[in-house]
>>> print(open('protein-v2.pdb').read())   # PDB, C-alpha atoms
MODEL        1
ATOM      1  CA  MET H 540     262.278  -5.850 154.767
ATOM      2  CA  VAL H 541     258.566  -6.200 154.074
ATOM      3  CA  PRO H 542     257.088  -9.177 155.951
ATOM      4  CA  ASP H 543     255.006 -11.712 154.081
ATOM      5  CA  ASP H 544     251.730 -13.303 155.120
ATOM      6  CA  GLY H 545     253.442 -15.843 157.362
ATOM      7  CA  GLN H 546     253.745 -18.520 154.683
ATOM      8  CA  GLY H 547     257.294 -17.899 153.543
ATOM      9  CA  ALA H 548     260.375 -15.740 153.358
ATOM     10  CA  ALA H 549     260.210 -11.981 153.625
ATOM     11  CA  MET H 550     260.241 -10.037 150.376
ATOM     12  CA  PRO H 551     262.518  -7.076 149.624
ATOM     13  CA  ALA H 552     261.047  -3.653 148.983
ATOM     14  CA  GLY H 553     263.734  -1.039 148.424
ATOM     15  CA  ALA H 554     263.237   2.697 148.199
ATOM     16  CA  GLY H 555     260.380   3.503 145.834
ATOM     17  CA  GLN H 556     259.484  -0.159 145.350
ATOM     18  CA  ARG H 557     255.970  -1.476 145.822
ATOM     19  CA  ALA H 558     255.327  -4.498 148.023
ATOM     20  CA  PHE H 559     253.980  -7.662 146.378
ATOM     21  CA  ALA H 560     251.611 -10.262 147.781
ATOM     22  CA  PRO H 561     253.767 -13.408 148.053
ATOM     23  CA  LEU H 562     253.017 -16.235 145.634
ATOM     24  CA  LEU H 563     256.241 -18.288 145.820
ATOM     25  CA  SER H 564     258.572 -18.499 148.826
ATOM     26  CA  VAL H 565     261.816 -20.438 148.482
ATOM     27  CA  GLU H 566     263.382 -21.305 151.843
ATOM     28  CA  GLY H 567     266.799 -22.887 152.404
ATOM     29  CA  LEU H 568     266.792 -24.638 149.021
ATOM     30  CA  THR H 569     269.854 -26.848 148.541
ATOM     31  CA  THR H 570     270.477 -29.027 145.476
ATOM     32  CA  VAL H 571     273.478 -31.331 145.051
ATOM     33  CA  PHE H 572     274.834 -33.453 142.215
ATOM     34  CA  ASP H 573     276.288 -36.815 143.178
ATOM     35  CA  THR H 574     279.677 -37.484 141.589
ATOM     36  CA  PRO H 575     282.454 -40.051 142.180
ATOM     37  CA  SER H 576     284.286 -37.400 144.220
ATOM     38  CA  GLY H 577     281.238 -36.669 146.374
ATOM     39  CA  PRO H 578     278.148 -34.435 146.296
ATOM     40  CA  LEU H 579     278.591 -31.021 144.674
ATOM     41  CA  ARG H 580     276.368 -28.174 145.890
ATOM     42  CA  ALA H 581     274.947 -26.402 142.838
ATOM     43  CA  VAL H 582     272.362 -24.496 144.913
ATOM     44  CA  ASP H 583     273.332 -23.772 148.506
ATOM     45  CA  GLY H 584     270.662 -22.636 150.973
ATOM     46  CA  VAL H 585     268.837 -20.119 148.764
ATOM     47  CA  ASP H 586     266.014 -18.003 150.227
ATOM     48  CA  LEU H 587     263.896 -15.747 148.043
ATOM     49  CA  ALA H 588     260.281 -14.846 147.330
ATOM     50  CA  ILE H 589     258.284 -13.753 144.288
ATOM     51  CA  GLY H 590     255.038 -11.832 144.587
ATOM     52  CA  ARG H 591     251.994 -11.724 142.342
ATOM     53  CA  GLY H 592     252.693  -9.344 139.488
ATOM     54  CA  GLU H 593     256.397  -9.087 140.338
ATOM     55  CA  VAL H 594     259.314  -9.618 137.964
ATOM     56  CA  LEU H 595     262.322 -10.948 139.877
ATOM     57  CA  ALA H 596     265.592 -11.179 137.949
ATOM     58  CA  VAL H 597     268.046 -13.923 138.913
ATOM     59  CA  VAL H 598     271.505 -12.943 137.656
ATOM     60  CA  GLY H 599     275.086 -14.159 137.762
ATOM     61  CA  GLU H 600     277.831 -15.635 135.609
ATOM     62  CA  SER H 601     277.435 -18.967 133.826
ATOM     63  CA  GLY H 602     277.752 -21.820 136.308
ATOM     64  CA  CYS H 603     276.509 -19.840 139.323
ATOM     65  CA  GLY H 604     273.437 -22.072 139.807
ATOM     66  CA  LYS H 605     270.685 -19.961 138.187
ATOM     67  CA  THR H 606     269.263 -22.713 135.976
ATOM     68  CA  VAL H 607     269.555 -25.415 138.647
ATOM     69  CA  LEU H 608     267.665 -23.128 141.039
ATOM     70  CA  ALA H 609     264.900 -22.664 138.463
ATOM     71  CA  LEU H 610     264.621 -26.406 137.827
ATOM     72  CA  SER H 611     264.702 -27.177 141.545
ATOM     73  CA  ILE H 612     261.766 -24.879 142.314
ATOM     74  CA  LEU H 613     259.506 -26.887 139.992
ATOM     75  CA  GLY H 614     260.928 -30.258 141.055
ATOM     76  CA  LEU H 615     262.540 -30.881 137.668
ATOM     77  CA  VAL H 616     265.994 -31.925 138.895
ATOM     78  CA  SER H 617     266.791 -35.510 137.934
ATOM     79  CA  PRO H 618     269.661 -37.845 138.942
ATOM     80  CA  PRO H 619     272.520 -37.364 139.533
ATOM     81  CA  GLY H 620     270.971 -34.163 140.899
ATOM     82  CA  ARG H 621     268.779 -34.200 144.000
ATOM     83  CA  ILE H 622     267.220 -31.672 146.352
ATOM     84  CA  VAL H 623     268.522 -32.338 149.852
ATOM     85  CA  SER H 624     266.751 -29.622 151.842
ATOM     86  CA  GLY H 625     264.476 -26.623 151.639
ATOM     87  CA  ARG H 626     260.967 -25.716 150.564
ATOM     88  CA  ALA H 627     259.304 -24.033 147.582
ATOM     89  CA  VAL H 628     255.914 -22.862 148.856
ATOM     90  CA  PHE H 629     253.636 -21.954 145.944
ATOM     91  CA  GLY H 630     250.095 -20.830 146.649
ATOM     92  CA  GLY H 631     250.309 -22.316 150.145
ATOM     93  CA  GLN H 632     251.660 -25.713 148.996
ATOM     94  CA  ASP H 633     255.252 -26.936 149.228
ATOM     95  CA  LEU H 634     255.947 -28.064 145.667
ATOM     96  CA  LEU H 635     258.906 -30.172 146.791
ATOM     97  CA  ALA H 636     256.797 -32.151 149.281
ATOM     98  CA  LEU H 637     254.024 -32.981 146.782
ATOM     99  CA  PRO H 638     253.907 -36.339 144.983
ATOM    100  CA  GLU H 639     255.052 -36.093 141.380
ATOM    101  CA  GLY H 640     251.533 -36.631 140.038
ATOM    102  CA  LYS H 641     250.231 -33.602 141.925
ATOM    103  CA  ARG H 642     253.248 -31.508 140.882
ATOM    104  CA  ARG H 643     252.567 -32.407 137.255
ATOM    105  CA  THR H 644     249.050 -30.973 137.462
ATOM    106  CA  ILE H 645     250.542 -27.653 138.626
ATOM    107  CA  ARG H 646     253.383 -27.536 136.091
ATOM    108  CA  GLY H 647     252.211 -26.315 132.712
ATOM    109  CA  SER H 648     248.967 -24.875 134.062
ATOM    110  CA  ARG H 649     249.553 -22.736 137.179
ATOM    111  CA  ALA H 650     253.367 -22.698 136.891
ATOM    112  CA  SER H 651     255.352 -22.808 133.643
ATOM    113  CA  MET H 652     258.978 -22.644 132.587
ATOM    114  CA  ILE H 653     260.688 -21.396 129.442
ATOM    115  CA  PHE H 654     263.759 -23.585 129.023
ATOM    116  CA  GLN H 655     267.099 -22.247 127.872
ATOM    117  CA  GLU H 656     267.740 -24.666 124.993
ATOM    118  CA  PRO H 657     264.636 -25.250 122.855
ATOM    119  CA  MET H 658     266.150 -27.862 120.540
ATOM    120  CA  THR H 659     266.628 -30.290 123.428
ATOM    121  CA  SER H 660     263.308 -29.360 125.051
ATOM    122  CA  LEU H 661     261.016 -29.828 122.043
ATOM    123  CA  ASN H 662     259.997 -33.322 120.952
ATOM    124  CA  PRO H 663     261.517 -33.912 117.469
ATOM    125  CA  VAL H 664     258.767 -36.325 116.340
ATOM    126  CA  LEU H 665     255.746 -34.182 117.270
ATOM    127  CA  SER H 666     254.505 -31.206 115.251
ATOM    128  CA  ILE H 667     254.809 -27.710 116.660
ATOM    129  CA  GLY H 668     251.016 -27.445 116.792
ATOM    130  CA  ASP H 669     250.600 -30.584 118.882
ATOM    131  CA  GLN H 670     253.297 -29.478 121.334
ATOM    132  CA  VAL H 671     251.959 -25.943 121.845
ATOM    133  CA  ALA H 672     248.396 -27.254 122.077
ATOM    134  CA  GLU H 673     249.238 -30.006 124.589
ATOM    135  CA  PRO H 674     248.846 -27.866 127.767
ATOM    136  CA  VAL H 675     245.389 -26.767 126.592
ATOM    137  CA  ARG H 676     244.297 -30.337 125.893
ATOM    138  CA  VAL H 677     245.738 -31.765 129.118
ATOM    139  CA  HIS H 678     244.836 -29.052 131.605
ATOM    140  CA  ARG H 679     241.709 -27.538 130.017
ATOM    141  CA  ARG H 680     240.314 -30.756 128.510
ATOM    142  CA  ALA H 681     239.816 -28.942 125.199
ATOM    143  CA  SER H 682     239.253 -30.718 121.900
ATOM    144  CA  ARG H 683     242.153 -30.996 119.474
ATOM    145  CA  ARG H 684     240.576 -28.395 117.187
ATOM    146  CA  GLU H 685     240.073 -25.918 120.029
ATOM    147  CA  ALA H 686     243.594 -26.501 121.340
ATOM    148  CA  LEU H 687     245.184 -26.015 117.912
ATOM    149  CA  ALA H 688     243.218 -22.790 117.431
ATOM    150  CA  ALA H 689     244.563 -21.523 120.772
ATOM    151  CA  ALA H 690     248.073 -22.635 119.752
ATOM    152  CA  GLY H 691     247.882 -20.729 116.460
ATOM    153  CA  ALA H 692     246.723 -17.566 118.243
ATOM    154  CA  MET H 693     249.561 -17.871 120.760
ATOM    155  CA  LEU H 694     252.178 -18.342 118.029
ATOM    156  CA  ASP H 695     250.895 -15.143 116.422
ATOM    157  CA  ARG H 696     251.263 -13.310 119.754
ATOM    158  CA  VAL H 697     254.921 -14.337 120.118
ATOM    159  CA  GLY H 698     255.675 -13.105 116.592
ATOM    160  CA  LEU H 699     256.020 -16.385 114.716
ATOM    161  CA  SER H 700     254.912 -15.474 111.204
ATOM    162  CA  GLY H 701     252.676 -17.854 109.268
ATOM    163  CA  ALA H 702     251.386 -19.490 112.449
ATOM    164  CA  GLY H 703     248.974 -21.750 110.518
ATOM    165  CA  ARG H 704     251.851 -23.217 108.522
ATOM    166  CA  ARG H 705     254.085 -23.456 111.591
ATOM    167  CA  LEU H 706     251.526 -25.621 113.382
ATOM    168  CA  ARG H 707     252.272 -28.398 110.885
ATOM    169  CA  ALA H 708     256.055 -27.951 111.032
ATOM    170  CA  TYR H 709     258.535 -29.953 113.132
ATOM    171  CA  PRO H 710     261.292 -28.521 115.362
ATOM    172  CA  HIS H 711     264.116 -29.288 112.915
ATOM    173  CA  GLU H 712     262.371 -27.161 110.268
ATOM    174  CA  LEU H 713     262.590 -24.003 112.375
ATOM    175  CA  SER H 714     265.488 -21.712 113.194
ATOM    176  CA  GLY H 715     266.823 -21.359 116.713
ATOM    177  CA  GLY H 716     264.936 -18.122 117.272
ATOM    178  CA  GLN H 717     261.699 -19.632 115.960
ATOM    179  CA  ARG H 718     262.063 -22.643 118.255
ATOM    180  CA  GLN H 719     262.613 -20.270 121.174
ATOM    181  CA  ARG H 720     259.348 -18.510 120.359
ATOM    182  CA  VAL H 721     257.586 -21.881 120.286
ATOM    183  CA  MET H 722     258.874 -22.601 123.799
ATOM    184  CA  ILE H 723     257.634 -19.206 124.969
ATOM    185  CA  ALA H 724     254.212 -19.845 123.419
ATOM    186  CA  MET H 725     253.961 -23.202 125.220
ATOM    187  CA  ALA H 726     254.792 -21.579 128.559
ATOM    188  CA  LEU H 727     252.393 -18.638 128.173
ATOM    189  CA  ILE H 728     249.394 -20.293 126.526
ATOM    190  CA  LEU H 729     247.518 -20.896 129.809
ATOM    191  CA  SER H 730     248.488 -17.544 131.415
ATOM    192  CA  PRO H 731     250.215 -19.206 134.396
ATOM    193  CA  GLU H 732     250.354 -17.692 137.881
ATOM    194  CA  LEU H 733     254.125 -18.297 137.963
ATOM    195  CA  LEU H 734     256.458 -18.127 134.967
ATOM    196  CA  ILE H 735     260.121 -19.103 135.277
ATOM    197  CA  ALA H 736     261.960 -17.865 132.195
ATOM    198  CA  ASP H 737     265.508 -19.203 131.740
ATOM    199  CA  GLU H 738     267.299 -16.854 129.305
ATOM    200  CA  PRO H 739     264.084 -16.549 127.247
ATOM    201  CA  THR H 740     265.407 -14.090 124.648
ATOM    202  CA  THR H 741     268.975 -15.323 124.125
ATOM    203  CA  ALA H 742     268.448 -16.573 120.542
ATOM    204  CA  LEU H 743     266.215 -13.683 119.430
ATOM    205  CA  ASP H 744     267.073 -10.466 117.608
ATOM    206  CA  VAL H 745     266.530  -7.236 119.514
ATOM    207  CA  THR H 746     263.181  -6.419 117.871
ATOM    208  CA  VAL H 747     261.629  -9.772 118.744
ATOM    209  CA  GLN H 748     263.320  -9.654 122.156
ATOM    210  CA  ARG H 749     261.473  -6.412 122.918
ATOM    211  CA  GLN H 750     258.213  -7.971 121.727
ATOM    212  CA  ILE H 751     258.613 -11.044 123.947
ATOM    213  CA  LEU H 752     259.584  -9.017 127.000
ATOM    214  CA  ASP H 753     256.570  -6.752 126.481
ATOM    215  CA  LEU H 754     254.357  -9.832 126.221
ATOM    216  CA  MET H 755     255.657 -11.231 129.525
ATOM    217  CA  LEU H 756     255.430  -7.875 131.277
ATOM    218  CA  GLY H 757     251.871  -7.455 130.024
ATOM    219  CA  LEU H 758     251.040 -10.853 131.515
ATOM    220  CA  ALA H 759     252.428  -9.758 134.874
ATOM    221  CA  ARG H 760     250.550  -6.471 134.727
ATOM    222  CA  ASP H 761     247.193  -7.764 133.444
ATOM    223  CA  THR H 762     246.869 -11.140 135.182
ATOM    224  CA  GLY H 763     249.197 -10.833 138.185
ATOM    225  CA  THR H 764     251.600 -13.493 136.895
ATOM    226  CA  ALA H 765     254.811 -13.662 138.924
ATOM    227  CA  ILE H 766     257.910 -13.921 136.737
ATOM    228  CA  ALA H 767     261.341 -15.220 137.705
ATOM    229  CA  LEU H 768     263.619 -14.058 134.894
ATOM    230  CA  VAL H 769     266.918 -15.935 134.799
ATOM    231  CA  THR H 770     269.413 -13.884 132.810
ATOM    232  CA  HIS H 771     272.936 -12.515 132.581
ATOM    233  CA  ASN H 772     271.801  -9.446 130.627
ATOM    234  CA  LEU H 773     271.745  -6.514 133.058
ATOM    235  CA  GLY H 774     270.196  -4.295 130.383
ATOM    236  CA  VAL H 775     267.148  -6.564 130.326
ATOM    237  CA  VAL H 776     267.135  -6.554 134.136
ATOM    238  CA  ALA H 777     267.079  -2.744 134.221
ATOM    239  CA  GLU H 778     264.132  -2.583 131.807
ATOM    240  CA  THR H 779     261.941  -5.367 133.182
ATOM    241  CA  ALA H 780     262.500  -6.311 136.823
ATOM    242  CA  GLU H 781     261.517  -4.742 140.136
ATOM    243  CA  ASN H 782     263.785  -6.914 142.295
ATOM    244  CA  VAL H 783     267.006  -8.811 141.667
ATOM    245  CA  ALA H 784     268.673 -11.866 143.191
ATOM    246  CA  VAL H 785     272.419 -12.104 142.481
ATOM    247  CA  MET H 786     273.942 -15.591 142.691
ATOM    248  CA  TYR H 787     277.540 -16.731 142.918
ATOM    249  CA  SER H 788     278.685 -20.370 143.164
ATOM    250  CA  GLY H 789     275.275 -21.579 144.271
ATOM    251  CA  ARG H 790     274.714 -18.939 146.951
ATOM    252  CA  LEU H 791     272.582 -15.818 146.999
ATOM    253  CA  VAL H 792     274.955 -12.868 147.550
ATOM    254  CA  GLU H 793     272.652  -9.862 147.046
ATOM    255  CA  TYR H 794     268.878  -9.542 147.013
ATOM    256  CA  GLY H 795     266.770  -6.413 146.762
ATOM    257  CA  ALA H 796     265.368  -3.671 144.548
ATOM    258  CA  VAL H 797     266.810  -3.404 141.028
ATOM    259  CA  ALA H 798     267.009   0.401 141.278
ATOM    260  CA  ASP H 799     269.190   0.163 144.392
ATOM    261  CA  PHE H 800     271.388  -2.542 142.867
ATOM    262  CA  LEU H 801     271.998  -0.629 139.622
ATOM    263  CA  ARG H 802     272.635   2.652 141.431
ATOM    264  CA  GLU H 803     275.088   1.212 143.966
ATOM    265  CA  PRO H 804     275.641  -2.550 144.180
ATOM    266  CA  ALA H 805     276.385  -3.577 147.755
ATOM    267  CA  HIS H 806     278.295  -6.841 147.202
ATOM    268  CA  PRO H 807     281.760  -6.651 145.603
ATOM    269  CA  TYR H 808     280.640  -9.258 143.055
ATOM    270  CA  GLY H 809     277.733  -7.067 141.934
ATOM    271  CA  GLN H 810     280.102  -4.096 141.816
ATOM    272  CA  GLY H 811     282.364  -6.106 139.533
ATOM    273  CA  LEU H 812     279.482  -7.086 137.240
ATOM    274  CA  LEU H 813     278.465  -3.467 136.718
ATOM    275  CA  ALA H 814     282.051  -2.225 136.334
ATOM    276  CA  SER H 815     282.623  -4.706 133.497
ATOM    277  CA  LEU H 816     279.733  -3.325 131.399
ATOM    278  CA  PRO H 817     280.467  -0.972 128.482
ATOM    279  CA  ARG H 818     278.778   2.455 128.612
ATOM    280  CA  LEU H 819     278.289   5.009 125.848
ATOM    281  CA  SER H 820     279.296   7.767 128.253
ATOM    282  CA  ASP H 821     282.661   6.086 128.891
ATOM    283  CA  ARG H 822     283.877   5.925 125.299
ATOM    284  CA  GLY H 823     287.547   5.068 125.195
ATOM    285  CA  ARG H 824     287.624   3.758 128.756
ATOM    286  CA  ARG H 825     289.000   0.251 129.231
ATOM    287  CA  LEU H 826     286.539  -2.194 130.787
ATOM    288  CA  THR H 827     287.315  -3.479 134.280
ATOM    289  CA  PRO H 828     286.969  -7.275 134.290
ATOM    290  CA  ILE H 829     286.472  -9.361 137.411
ATOM    291  CA  PRO H 830     289.830 -11.128 137.928
ATOM    292  CA  GLY H 831     290.007 -14.916 137.928
ATOM    293  CA  THR H 832     287.265 -17.377 137.046
ATOM    294  CA  VAL H 833     284.208 -18.899 138.704
ATOM    295  CA  PRO H 834     285.497 -21.728 140.945
ATOM    296  CA  SER H 835     284.663 -25.353 140.217
ATOM    297  CA  LEU H 836     281.969 -26.870 142.435
ATOM    298  CA  ALA H 837     284.456 -29.660 143.119
ATOM    299  CA  ASP H 838     287.013 -27.206 144.524
ATOM    300  CA  LEU H 839     285.153 -24.347 146.206
ATOM    301  CA  PRO H 840     287.072 -21.906 148.412
ATOM    302  CA  THR H 841     286.394 -21.888 152.134
ATOM    303  CA  GLY H 842     284.411 -19.041 153.636
ATOM    304  CA  CYS H 843     282.980 -16.640 151.043
ATOM    305  CA  HIS H 844     283.225 -18.306 147.649
ATOM    306  CA  PHE H 845     284.050 -14.977 146.012
ATOM    307  CA  HIS H 846     286.963 -14.006 148.266
ATOM    308  CA  PRO H 847     289.812 -15.202 145.935
ATOM    309  CA  ARG H 848     288.528 -12.752 143.271
ATOM    310  CA  CYS H 849     287.446  -9.964 145.613
ATOM    311  CA  PRO H 850     289.507  -6.735 145.795
ATOM    312  CA  ARG H 851     288.058  -5.966 149.245
ATOM    313  CA  ALA H 852     288.596  -9.358 150.907
ATOM    314  CA  PHE H 853     290.014  -9.438 154.438
ATOM    315  CA  ALA H 854     290.724 -12.130 157.040
ATOM    316  CA  PRO H 855     287.174 -13.355 157.895
ATOM    317  CA  CYS H 856     286.283 -13.792 154.196
ATOM    318  CA  ALA H 857     288.541 -16.832 153.735
ATOM    319  CA  ARG H 858     287.586 -18.351 157.057
ATOM    320  CA  ASP H 859     283.828 -18.035 157.613
ATOM    321  CA  ILE H 860     280.708 -18.150 155.435
ATOM    322  CA  PRO H 861     278.992 -14.761 155.775
ATOM    323  CA  PRO H 862     275.262 -14.698 156.515
ATOM    324  CA  LEU H 863     272.820 -12.462 154.660
ATOM    325  CA  PHE H 864     272.968  -9.051 156.349
ATOM    326  CA  ASP H 865     269.949  -6.710 156.189
ATOM    327  CA  LEU H 866     270.684  -3.209 154.870
ATOM    328  CA  PRO H 867     268.629  -0.096 155.725
ATOM    329  CA  ASP H 868     267.255   0.141 152.165
ATOM    330  CA  GLY H 869     265.750  -3.362 152.371
ATOM    331  CA  ARG H 870     268.478  -5.253 150.536
ATOM    332  CA  ARG H 871     270.127  -8.388 151.873
ATOM    333  CA  VAL H 872     273.858  -8.878 151.260
ATOM    334  CA  ARG H 873     276.105 -11.873 151.978
ATOM    335  CA  CYS H 874     279.336 -10.026 152.741
ATOM    336  CA  TRP H 875     281.463  -9.504 155.864
ATOM    337  CA  LEU H 876     281.891  -5.832 154.948
ATOM    338  CA  TYR H 877     278.418  -5.321 156.404
ATOM    339  CA  GLY H 878     278.971  -7.390 159.534
TER     340      GLY H 878
ENDMDL
END
>>> encode(input="protein-v2.pdb", output="structure tokens")
Amino acid sequence: MVPDDGQGAAMPAGAGQRAFAPLLSVEGLTTVFDTPSGPLRAVDGVDLAIGRGEVLAVVGESGCGKTVLALSILGLVSPPGRIVSGRAVFGGQDLLALPEGKRRTIRGSRASMIFQEPMTSLNPVLSIGDQVAEPVRVHRRASRREALAAAGAMLDRVGLSGAGRRLRAYPHELSGGQRQRVMIAMALILSPELLIADEPTTALDVTVQRQILDLMLGLARDTGTAIALVTHNLGVVAETAENVAVMYSGRLVEYGAVADFLREPAHPYGQGLLASLPRLSDRGRRLTPIPGTVPSLADLPTGCHFHPRCPRAFAPCARDIPPLFDLPDGRRVRCWLYG
């Protein structure tokens, strides 16, 4: 492991990976949702770090806690959800300990998020131009004309044709892919230091997807923006990210260099994810699915949450929660096979 500057968690640097100056350190982050049957842990003691200029992919099946983790980092979890422990140290400040007013000055300017569902994130009664221009007006104190000019230029950059006309449009007048590009433009318009992108290219065709990914990667390369890319698409992970954090049922189960993970996943869950992917070289071969389903947060297994689906489970897996073990290549793995 490569140590940080003393302000947060250590950062992985596998073979051939460059070390990154830490910008965000997440330490012991735990988020629960209060229900009639008791609190459900959607994020359970997550530790990770993102460096300046780094792209960190956060992967896992639907329901594993990726989106809740992203929202928790920026303090965007609302009741019945609540953060019960942990820190998110960004630029030397714990975002979760700041008053909401101070957090709001950071969100949208120094730290931005691309939300997964644009139709529920955009305001239906405000024009696209006013919504994309809002960060410029609020955080840069620009005039409406200056902000709209910046908004039009940003819409052009994300590939929304006829940007001048789109500025006057409303969300319901755009397609799903166009609304997604609007959300991306809003998040990128101030070139934030930290960008959390929650499935940013899900509704886009492959050509526009490539364009958006190139735009985000250029931001990381040219301005040192740190990007947390929440996705289930391992092809996108392979093309864009340096490091990867694999989540399962709210816990981090593998964390390290993407190249090491794709070459030989250490955790049985990661092995199952890669084995279930189709490959051109394996034409005619049946895919190997992961047996079973992701457990409900209301009925989690004891010990390792993955053990009921794991082909390599043995006695300790059902009894005890494994810690994160350090591997020689710099990865961290939550599995008793490495104990």
>>> residues_around(input="protein-v2.pdb", residues="Phe864 of chain H", least_positions_apart="2", cutoff="8 Å", atoms="only C-alpha atoms", output="NGL selection string")
:H and (862 or 866 or 871-874 or 877-878)
>>> resolve_selection(input="protein-v2.pdb", expression="the PyMOL selection byres ((chain H and resi 790) around 8)", output="VMD selection string")
chain H and resid 582 to 585 603 to 604 786 to 789 791 to 792
>>> resolve_selection(input="protein-v2.pdb", expression="the PyMOL selection byres ((chain H and resi 775) around 12)", output="ChimeraX atom specification")
/H:594-598,738-741,745,748-749,751-753,756,768-774,776-781,783,797
>>> closest_residue(input="protein-v2.pdb", among="H:Ser666, H:Pro834, H:Gly599, H:Gly567", to="Gly809 of chain H", atoms="only C-alpha atoms")
H:Gly599
>>> residues_around(input="protein-v2.pdb", residues="segment 615-622 of chain H", least_positions_apart="4", cutoff="12 Å", atoms="all atoms listed in the file", output="ChimeraX atom specification")
/H:567-575,577-585,606-611,626-627,634-636,639,642-643,646,651-652,654
>>> atom_distance(input="protein-v2.pdb", atom1="atom CA of Gly757 of chain H", atom2="atom CA of Gln717 of chain H")
21.0 Å
>>> residues_around(input="protein-v2.pdb", residues="segment 628-631 of chain H", least_positions_apart="5", cutoff="6 Å", atoms="all atoms listed in the file", output="list of chain:residue names")
H:Leu562, H:Leu563, H:Ser564
>>> residues_around(input="protein-v2.pdb", residues="Asp669 of chain H", least_positions_apart="5", cutoff="9 Å", atoms="only C-alpha atoms", output="PyMOL selection string")
chain H and resi 683+686-687+690+706-707
>>> atom_distance(input="protein-v2.pdb", atom1="atom CA of Pro847 of chain H", atom2="atom CA of Ile829 of chain H")
10.9 Å
>>> closest_residue(input="protein-v2.pdb", among="H:Asp695, H:Ile728, H:Val623, H:Gly701", to="Pro674 of chain H", atoms="only C-alpha atoms")
H:Ile728
>>> atom_distance(input="protein-v2.pdb", atom1="atom CA of Arg591 of chain H", atom2="atom CA of Val785 of chain H")
20.4 Å
>>> resolve_selection(input="protein-v2.pdb", expression="the PyMOL selection byres ((chain H and resi 837) around 8)", output="MDAnalysis selection string")
chainID H and resid 576 579 835:836 838:839
>>> closest_residue(input="protein-v2.pdb", among="H:Leu587, H:Leu661, H:Leu729, H:Cys843", to="Ile645 of chain H", atoms="all atoms listed in the file")
H:Leu729
>>> closest_residue(input="protein-v2.pdb", among="H:Ser815, H:Arg848, H:Met755, H:Ile667", to="Thr832 of chain H", atoms="only C-alpha atoms")
H:Arg848
>>> residues_around(input="protein-v2.pdb", residues="Gln719 of chain H", least_positions_apart="4", cutoff="9 Å", atoms="all atoms listed in the file", output="ChimeraX atom specification")
/H:653-658,714-715,723-724,739-743
>>> axis_aligned_box(input="protein-v2.pdb", around="segment 805-813 of chain H", padding_each_side="8 Å", output="lines of an AutoDock Vina configuration file")
center_x = 279.4
center_y = -6.4
center_z = 142.2
size_x = 22.0
size_y = 21.8
size_z = 27.0
>>> closest_residue(input="protein-v2.pdb", among="H:Ser730, H:Gln632, H:Ser700, H:Ser624", to="Thr764 of chain H", atoms="all atoms listed in the file")
H:Ser730
>>> decode(input="protein-v2.pdb", residues="segment 711-723 of chain H", atoms="N, CA and C atoms", output="PDB file, in the first residue's frame")
ATOM      1  N   HIS H 711     -38.966  17.844 -20.017  1.00  0.00           N
ATOM      2  CA  HIS H 711     -39.902  16.904 -20.649  1.00  0.00           C
ATOM      3  C   HIS H 711     -39.814  16.932 -22.174  1.00  0.00           C
ATOM      4  N   GLU H 712     -39.158  17.950 -22.725  1.00  0.00           N
ATOM      5  CA  GLU H 712     -39.031  18.059 -24.182  1.00  0.00           C
ATOM      6  C   GLU H 712     -37.812  17.322 -24.713  1.00  0.00           C
ATOM      7  N   LEU H 713     -36.997  16.767 -23.837  1.00  0.00           N
ATOM      8  CA  LEU H 713     -35.782  16.083 -24.241  1.00  0.00           C
ATOM      9  C   LEU H 713     -35.917  14.576 -24.051  1.00  0.00           C
ATOM     10  N   SER H 714     -35.131  13.837 -24.792  1.00  0.00           N
ATOM     11  CA  SER H 714     -35.086  12.382 -24.614  1.00  0.00           C
ATOM     12  C   SER H 714     -34.272  12.041 -23.368  1.00  0.00           C
ATOM     13  N   GLY H 715     -34.312  10.767 -22.998  1.00  0.00           N
ATOM     14  CA  GLY H 715     -33.558  10.346 -21.819  1.00  0.00           C
ATOM     15  C   GLY H 715     -32.064  10.588 -21.971  1.00  0.00           C
ATOM     16  N   GLY H 716     -31.519  10.276 -23.150  1.00  0.00           N
ATOM     17  CA  GLY H 716     -30.109  10.501 -23.380  1.00  0.00           C
ATOM     18  C   GLY H 716     -29.739  11.976 -23.368  1.00  0.00           C
ATOM     19  N   GLN H 717     -30.622  12.824 -23.904  1.00  0.00           N
ATOM     20  CA  GLN H 717     -30.367  14.264 -23.886  1.00  0.00           C
ATOM     21  C   GLN H 717     -30.407  14.811 -22.467  1.00  0.00           C
ATOM     22  N   ARG H 718     -31.346  14.328 -21.664  1.00  0.00           N
ATOM     23  CA  ARG H 718     -31.404  14.776 -20.263  1.00  0.00           C
ATOM     24  C   ARG H 718     -30.145  14.346 -19.513  1.00  0.00           C
ATOM     25  N   GLN H 719     -29.640  13.149 -19.832  1.00  0.00           N
ATOM     26  CA  GLN H 719     -28.420  12.682 -19.182  1.00  0.00           C
ATOM     27  C   GLN H 719     -27.248  13.610 -19.518  1.00  0.00           C
ATOM     28  N   ARG H 720     -27.178  14.053 -20.758  1.00  0.00           N
ATOM     29  CA  ARG H 720     -26.107  14.964 -21.148  1.00  0.00           C
ATOM     30  C   ARG H 720     -26.246  16.317 -20.458  1.00  0.00           C
ATOM     31  N   VAL H 721     -27.470  16.741 -20.204  1.00  0.00           N
ATOM     32  CA  VAL H 721     -27.686  17.979 -19.447  1.00  0.00           C
ATOM     33  C   VAL H 721     -27.132  17.831 -18.037  1.00  0.00           C
ATOM     34  N   MET H 722     -27.406  16.685 -17.396  1.00  0.00           N
ATOM     35  CA  MET H 722     -26.890  16.445 -16.051  1.00  0.00           C
ATOM     36  C   MET H 722     -25.361  16.451 -16.037  1.00  0.00           C
ATOM     37  N   ILE H 723     -24.764  15.867 -17.061  1.00  0.00           N
ATOM     38  CA  ILE H 723     -23.302  15.841 -17.144  1.00  0.00           C
ATOM     39  C   ILE H 723     -22.757  17.251 -17.323  1.00  0.00           C
TER      40      ILE H 723
END
